[in-house]
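Chemist: My structure is in entry.pdb, and what it holds is PDB, C-alpha atoms:
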MODEL        1
ATOM      1  CA  MET A  43     121.695  97.902 187.361
ATOM      2  CA  SER A  44     119.619  97.551 190.532
ATOM      3  CA  LEU A  45     115.842  97.457 190.706
ATOM      4  CA  THR A  46     113.574  97.973 193.704
ATOM      5  CA  ILE A  47     110.549  95.718 194.220
ATOM      6  CA  ILE A  48     107.564  97.868 195.130
ATOM      7  CA  GLY A  49     104.756  95.285 195.094
ATOM      8  CA  PHE A  50     103.584  91.806 194.270
ATOM      9  CA  VAL A  51     100.942  90.383 191.905
ATOM     10  CA  GLU A  52      99.092  87.063 191.933
ATOM     11  CA  ASN A  53      98.657  84.385 189.258
ATOM     12  CA  GLN A  54     101.293  85.918 186.973
ATOM     13  CA  THR A  55     103.763  83.312 185.693
ATOM     14  CA  TYR A  56     105.589  82.478 182.485
ATOM     15  CA  ASN A  57     106.436  78.830 181.860
ATOM     16  CA  HIS A  58     106.090  78.140 185.602
ATOM     17  CA  LEU A  59     108.504  80.975 186.381
ATOM     18  CA  PRO A  60     107.479  84.173 188.154
ATOM     19  CA  ALA A  61     106.943  87.234 185.975
ATOM     20  CA  VAL A  62     108.418  90.640 186.791
ATOM     21  CA  PHE A  63     106.845  93.905 185.662
ATOM     22  CA  ILE A  64     109.210  96.825 185.130
ATOM     23  CA  PRO A  65     108.880 100.218 183.445
ATOM     24  CA  MET A  66     109.342 100.125 179.682
ATOM     25  CA  PRO A  67     112.505 102.315 179.631
ATOM     26  CA  LYS A  68     114.202  99.992 182.135
ATOM     27  CA  TRP A  69     113.170  96.952 180.102
ATOM     28  CA  ARG A  70     114.701  98.486 176.970
ATOM     29  CA  GLU A  71     117.953  99.066 178.820
ATOM     30  CA  ILE A  72     118.088  95.364 179.736
ATOM     31  CA  ALA A  73     116.696  93.794 176.547
ATOM     32  CA  PHE A  74     118.716  95.959 174.142
ATOM     33  CA  ALA A  75     121.873  96.444 176.161
ATOM     34  CA  ALA A  76     124.034  95.094 173.330
ATOM     35  CA  PRO A  77     124.972  97.781 170.784
ATOM     36  CA  GLY A  78     122.843  97.576 167.659
ATOM     37  CA  SER A  79     120.384  95.066 169.127
ATOM     38  CA  ASP A  80     117.561  97.582 168.743
ATOM     39  CA  LYS A  81     118.328  97.771 164.968
ATOM     40  CA  GLY A  82     118.113 101.540 165.106
ATOM     41  CA  ILE A  83     114.458 101.544 166.129
ATOM     42  CA  GLU A  84     113.494 104.276 168.544
ATOM     43  CA  GLY A  85     111.494 102.959 171.497
ATOM     44  CA  PRO A  86     111.334  99.288 170.380
ATOM     45  CA  VAL A  87     108.713  96.952 171.847
ATOM     46  CA  ASN A  88     108.212  93.199 171.628
ATOM     47  CA  ALA A  89     104.457  93.184 171.196
ATOM     48  CA  ILE A  90     101.367  95.351 171.291
ATOM     49  CA  MET A  91      98.007  93.932 172.340
ATOM     50  CA  LEU A  92      94.982  95.095 170.387
ATOM     51  CA  GLN A  93      91.558  94.905 171.970
ATOM     52  CA  GLY A  94      88.208  95.507 170.357
ATOM     53  CA  PRO A  95      85.725  94.041 167.881
ATOM     54  CA  ASN A  96      86.408  93.241 164.228
ATOM     55  CA  ILE A  97      90.210  92.997 164.509
ATOM     56  CA  ASP A  98      91.489  90.995 161.536
ATOM     57  CA  PRO A  99      95.165  89.939 161.781
ATOM     58  CA  ASP A 100      95.448  89.382 158.020
ATOM     59  CA  THR A 101      94.215  92.903 157.249
ATOM     60  CA  ILE A 102      96.690  94.455 159.665
ATOM     61  CA  ASN A 103      99.566  92.384 158.246
ATOM     62  CA  SER A 104      98.715  93.520 154.726
ATOM     63  CA  LYS A 105      98.853  97.195 155.701
ATOM     64  CA  LEU A 106     101.893  97.204 157.996
ATOM     65  CA  ALA A 107     105.290  95.851 157.008
ATOM     66  CA  ASN A 108     107.808  94.013 159.200
ATOM     67  CA  ILE A 109     105.301  92.967 161.838
ATOM     68  CA  ASP A 110     103.385  89.797 162.603
ATOM     69  CA  THR A 111      99.805  90.068 163.817
ATOM     70  CA  VAL A 112      98.352  86.970 165.413
ATOM     71  CA  THR A 113      95.470  86.075 167.650
ATOM     72  CA  ARG A 114      95.941  85.567 171.367
ATOM     73  CA  ALA A 115      95.609  81.797 170.963
ATOM     74  CA  LYS A 116      98.388  81.704 168.339
ATOM     75  CA  ALA A 117     100.587  83.926 170.469
ATOM     76  CA  VAL A 118     100.242  81.510 173.364
ATOM     77  CA  GLN A 119     100.980  78.585 171.035
ATOM     78  CA  GLY A 120     104.184  80.348 170.013
ATOM     79  CA  MET A 121     105.532  80.548 173.565
ATOM     80  CA  PRO A 122     108.760  78.549 173.947
ATOM     81  CA  GLY A 123     108.000  75.050 175.171
ATOM     82  CA  TYR A 124     104.226  75.529 175.248
ATOM     83  CA  LYS A 125     103.401  73.048 172.482
ATOM     84  CA  GLU A 126     105.797  70.445 173.823
ATOM     85  CA  GLU A 127     104.513  70.724 177.372
ATOM     86  CA  SER A 128     100.864  70.755 176.288
ATOM     87  CA  GLY A 129     101.440  67.727 174.066
ATOM     88  CA  THR A 130     103.010  65.819 176.946
ATOM     89  CA  ILE A 131     100.108  66.630 179.254
ATOM     90  CA  LEU A 132      97.519  65.675 176.633
ATOM     91  CA  MET A 133      99.296  62.371 176.006
ATOM     92  CA  MET A 134      99.315  61.671 179.754
ATOM     93  CA  LEU A 135      95.589  62.418 179.953
ATOM     94  CA  ALA A 136      94.846  60.186 176.971
ATOM     95  CA  PHE A 137      96.769  57.274 178.486
ATOM     96  CA  LEU A 138      95.078  57.955 181.823
ATOM     97  CA  PHE A 139      91.635  57.559 180.269
ATOM     98  CA  VAL A 140      92.676  54.414 178.364
ATOM     99  CA  ILE A 141      94.162  52.851 181.494
ATOM    100  CA  SER A 142      91.101  53.902 183.503
ATOM    101  CA  ALA A 143      88.852  52.132 181.004
ATOM    102  CA  PHE A 144      90.815  48.872 181.368
ATOM    103  CA  VAL A 145      91.039  49.096 185.162
ATOM    104  CA  LEU A 146      87.359  49.924 185.596
ATOM    105  CA  GLY A 147      86.313  47.251 183.127
ATOM    106  CA  VAL A 148      88.327  44.548 184.902
ATOM    107  CA  PHE A 149      87.203  45.727 188.341
ATOM    108  CA  PHE A 150      83.504  45.683 187.532
ATOM    109  CA  PHE A 151      83.839  42.430 185.587
ATOM    110  CA  VAL A 152      85.459  40.643 188.543
ATOM    111  CA  MET A 153      82.956  42.148 190.962
ATOM    112  CA  THR A 154      80.079  41.020 188.767
ATOM    113  CA  MET A 155      81.465  37.525 188.230
ATOM    114  CA  GLN A 156      81.677  37.056 191.995
ATOM    115  CA  LYS A 157      77.893  37.319 192.022
ATOM    116  CA  THR A 158      77.338  34.728 189.318
ATOM    117  CA  ASN A 159      75.353  32.447 191.623
ATOM    118  CA  GLN A 160      73.065  35.287 192.696
ATOM    119  CA  PHE A 161      72.398  36.257 189.098
ATOM    120  CA  GLY A 162      71.776  32.589 188.260
ATOM    121  CA  ILE A 163      69.153  32.377 191.018
ATOM    122  CA  MET A 164      67.515  35.579 189.802
ATOM    123  CA  LYS A 165      67.352  34.242 186.244
ATOM    124  CA  ALA A 166      66.004  30.924 187.525
ATOM    125  CA  ILE A 167      63.095  32.667 189.261
ATOM    126  CA  GLY A 168      62.248  34.655 186.147
ATOM    127  CA  ALA A 169      64.438  37.780 186.090
ATOM    128  CA  LYS A 170      64.858  39.062 182.549
ATOM    129  CA  ASN A 171      68.161  40.042 180.972
ATOM    130  CA  GLY A 172      66.911  43.611 180.656
ATOM    131  CA  PHE A 173      66.276  43.836 184.386
ATOM    132  CA  LEU A 174      69.708  42.411 185.219
ATOM    133  CA  SER A 175      71.379  44.739 182.738
ATOM    134  CA  LYS A 176      69.691  47.786 184.247
ATOM    135  CA  ALA A 177      70.635  46.630 187.736
ATOM    136  CA  ILE A 178      74.319  46.256 186.839
ATOM    137  CA  VAL A 179      74.560  49.548 184.949
ATOM    138  CA  SER A 180      72.714  51.479 187.661
ATOM    139  CA  GLN A 181      74.952  50.054 190.385
ATOM    140  CA  VAL A 182      78.078  50.910 188.417
ATOM    141  CA  PHE A 183      76.716  54.399 187.737
ATOM    142  CA  ILE A 184      75.952  55.099 191.400
ATOM    143  CA  LEU A 185      79.250  53.644 192.623
ATOM    144  CA  SER A 186      81.243  55.601 190.032
ATOM    145  CA  LEU A 187      79.353  58.840 190.686
ATOM    146  CA  VAL A 188      79.934  58.632 194.442
ATOM    147  CA  SER A 189      83.610  57.806 193.886
ATOM    148  CA  ILE A 190      84.070  60.731 191.495
ATOM    149  CA  VAL A 191      82.402  63.148 193.911
ATOM    150  CA  ILE A 192      84.652  61.942 196.734
ATOM    151  CA  GLY A 193      87.680  62.324 194.461
ATOM    152  CA  ILE A 194      86.687  65.891 193.561
ATOM    153  CA  LEU A 195      86.210  66.806 197.219
ATOM    154  CA  LEU A 196      89.607  65.348 198.084
ATOM    155  CA  ALA A 197      91.233  67.220 195.186
ATOM    156  CA  TYR A 198      89.754  70.566 196.232
ATOM    157  CA  GLY A 199      90.598  69.812 199.866
ATOM    158  CA  THR A 200      94.213  69.135 198.879
ATOM    159  CA  ALA A 201      94.308  72.345 196.844
ATOM    160  CA  ALA A 202      92.979  74.299 199.822
ATOM    161  CA  ILE A 203      95.802  73.210 202.130
ATOM    162  CA  MET A 204      98.600  73.636 199.591
ATOM    163  CA  PRO A 205     100.976  76.577 200.049
ATOM    164  CA  LYS A 206     100.045  79.667 198.063
ATOM    165  CA  GLY A 207     103.320  79.519 196.194
ATOM    166  CA  MET A 208     102.555  76.049 194.837
ATOM    167  CA  PRO A 209     101.774  76.253 191.060
ATOM    168  CA  PHE A 210      98.544  74.279 191.302
ATOM    169  CA  ASN A 211      95.216  75.398 189.915
ATOM    170  CA  LEU A 212      91.978  73.459 189.425
ATOM    171  CA  ASP A 213      89.918  74.576 186.464
ATOM    172  CA  THR A 214      86.259  73.973 187.321
ATOM    173  CA  ASN A 215      85.289  73.440 183.686
ATOM    174  CA  LEU A 216      87.995  70.801 183.203
ATOM    175  CA  VAL A 217      87.039  69.076 186.452
ATOM    176  CA  VAL A 218      83.414  68.826 185.282
ATOM    177  CA  VAL A 219      84.337  67.634 181.773
ATOM    178  CA  TYR A 220      86.821  65.008 182.948
ATOM    179  CA  SER A 221      84.408  63.816 185.636
ATOM    180  CA  ILE A 222      81.708  63.291 183.019
ATOM    181  CA  VAL A 223      84.162  61.506 180.703
ATOM    182  CA  LEU A 224      85.304  59.236 183.541
ATOM    183  CA  LEU A 225      81.688  58.480 184.463
ATOM    184  CA  VAL A 226      80.875  57.586 180.856
ATOM    185  CA  ILE A 227      83.945  55.327 180.682
ATOM    186  CA  ALA A 228      82.848  53.544 183.857
ATOM    187  CA  VAL A 229      79.335  52.958 182.527
ATOM    188  CA  LEU A 230      80.613  51.752 179.161
ATOM    189  CA  SER A 231      83.076  49.396 180.866
ATOM    190  CA  SER A 232      80.166  47.817 182.740
ATOM    191  CA  LEU A 233      78.687  46.657 179.431
ATOM    192  CA  VAL A 234      81.327  43.894 179.319
ATOM    193  CA  SER A 235      79.881  42.524 182.553
ATOM    194  CA  VAL A 236      76.348  42.939 181.234
ATOM    195  CA  ARG A 237      77.176  40.887 178.149
ATOM    196  CA  LYS A 238      78.603  38.114 180.317
ATOM    197  CA  ILE A 239      75.629  38.050 182.694
ATOM    198  CA  THR A 240      73.052  37.902 179.914
ATOM    199  CA  LYS A 241      74.683  34.696 178.631
ATOM    200  CA  ILE A 242      74.693  32.930 181.999
ATOM    201  CA  ASP A 243      72.815  29.632 182.082
ATOM    202  CA  PRO A 244      70.929  29.508 185.415
ATOM    203  CA  LEU A 245      71.678  25.807 185.888
ATOM    204  CA  GLN A 246      75.378  26.282 185.208
ATOM    205  CA  ALA A 247      75.489  29.288 187.521
ATOM    206  CA  LEU A 248      73.943  27.192 190.294
ATOM    207  CA  GLY A 249      76.450  24.419 189.684
ATOM    208  CA  ARG A 250      73.897  21.842 188.592
ATOM    209  CA  VAL A 251      75.281  21.258 185.087
ATOM    210  CA  GLU A 252      78.837  20.244 184.247
TER     211      GLU A 252
ENDMDL
END
Please, can you express the file's structure as structure tokens?
Modeler:
Amino acid sequence: MSLTIIGFVENQTYNHLPAVFIPMPKWREIAFAAPGSDKGIEGPVNAIMLQGPNIDPDTINSKLANIDTVTRAKAVQGMPGYKEESGTILMMLAFLFVISAFVLGVFFFVMTMQKTNQFGIMKAIGAKNGFLSKAIVSQVFILSLVSIVIGILLAYGTAAIMPKGMPFNLDTNLVVVYSIVLLVIAVLSSLVSVRKITKIDPLQALGRVE
């Protein structure tokens, strides 16, 4: 059997593979080529999509035999390999956030500890722990926010120069959510440094007490 390609569509893939649209009679010839594979059903189909309000899958299943009615979300979940691939990606994201928390916490802690003498001088001249805490958190917030914005710009810039055939798509909602989560992680990681600074003895920080 030979088929002629008459056009192309965009953003139509199945498990990272390109999808092909063909007339239903031709599809039946291919899908049910083996004798008896259609089980004697005239004009068999794999699925029918129902659109409209108040569609209850359970009600339809109770009235029609030998069919399964599911929501779109469940149908997607039932795609071969979808759960496994989604689970792998979610696990990678979870580890990414955990690792980011450790890396950011250590980075800001080391950066803060390098300024121990400065914080000791500030405490010696009367700076309160609240003021120092706000200063550290605000600096971490600004630094993290600028870094995240630069990262987003670089990501969208990279996406813009990628070939059209590259299966890469940035979801704006996910970018915003993950950016907020990363910003929150950065701010929370700075609290370790805040706790350390609030316990600094000004004399010890200045090196006057052994």
Chemist: Applying 12 Å and all atoms listed in the file, which residues near Ser221 in chain A remain after dropping the ones on its own chain fewer than 6 positions away? List them as a PyMOL selection string.
Modeler: chain A and resi 139+186-194+214-215+227-228
Chemist: For the PyMOL selection byres ((chain A and resi 62-76) around 10), applied here, can you spell out every residue it catches as a list in words?
Modeler: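 Applying the expression gives Met43, Leu45, Thr46, Ile47, Gly49, Phe50, Val51, Gln54, Thr55, Tyr56, Leu59, Pro60, Ala61, Pro77, Gly78, Ser79, Asp80, Lys81, Gly85, Pro86, Val87 and Asn88 of chain A.
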Chemist: Using all atoms listed in the file, pick whichever of A:Val217, A:Leu174, A:Val112, A:Met164 has the shortest atom-to-atom distance to Leu195 in chain A.
Modeler: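 Comparing A:Val217, A:Leu174, A:Val112, A:Met164 against Leu195 in chain A, the winner is A:Val217.
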Chemist: The PyMOL selection byres ((chain A and resi 231) around 10) on the file shown: which residues, as a ChimeraX atom specification?
Modeler: /A:142-151,179,182,225-230,232-236
Chemist: Quick one: residues within 12 Å of Lys170 in chain A, all atoms listed in the file counted, chain neighbours fewer than 5 positions away excluded, as a ChimeraX atom specification?
Modeler: /A:161-165,175-177,239-242,244
Chemist: Quick one: pull the distance between CA of Met153 in chain A and CA of Leu135 in chain A, Å, one decimal.
Modeler: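 CA of Met153 in chain A sits 26.3 Å away from CA of Leu135 in chain A.
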Chemist: Could you state the separation of CA of Leu216 in chain A and CA of Gly199 in chain A in Å, given to one decimal place?
Modeler: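 Separation of CA of Leu216 in chain A and CA of Gly199 in chain A: 16.9 Å.
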Chemist: Rounded to one decimal in Å, what is the spacing between CA of Ala89 in chain A and CA of Leu106 in chain A?
Modeler: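 Atom-to-atom, CA of Ala89 in chain A to CA of Leu106 in chain A, that is 14.0 Å.
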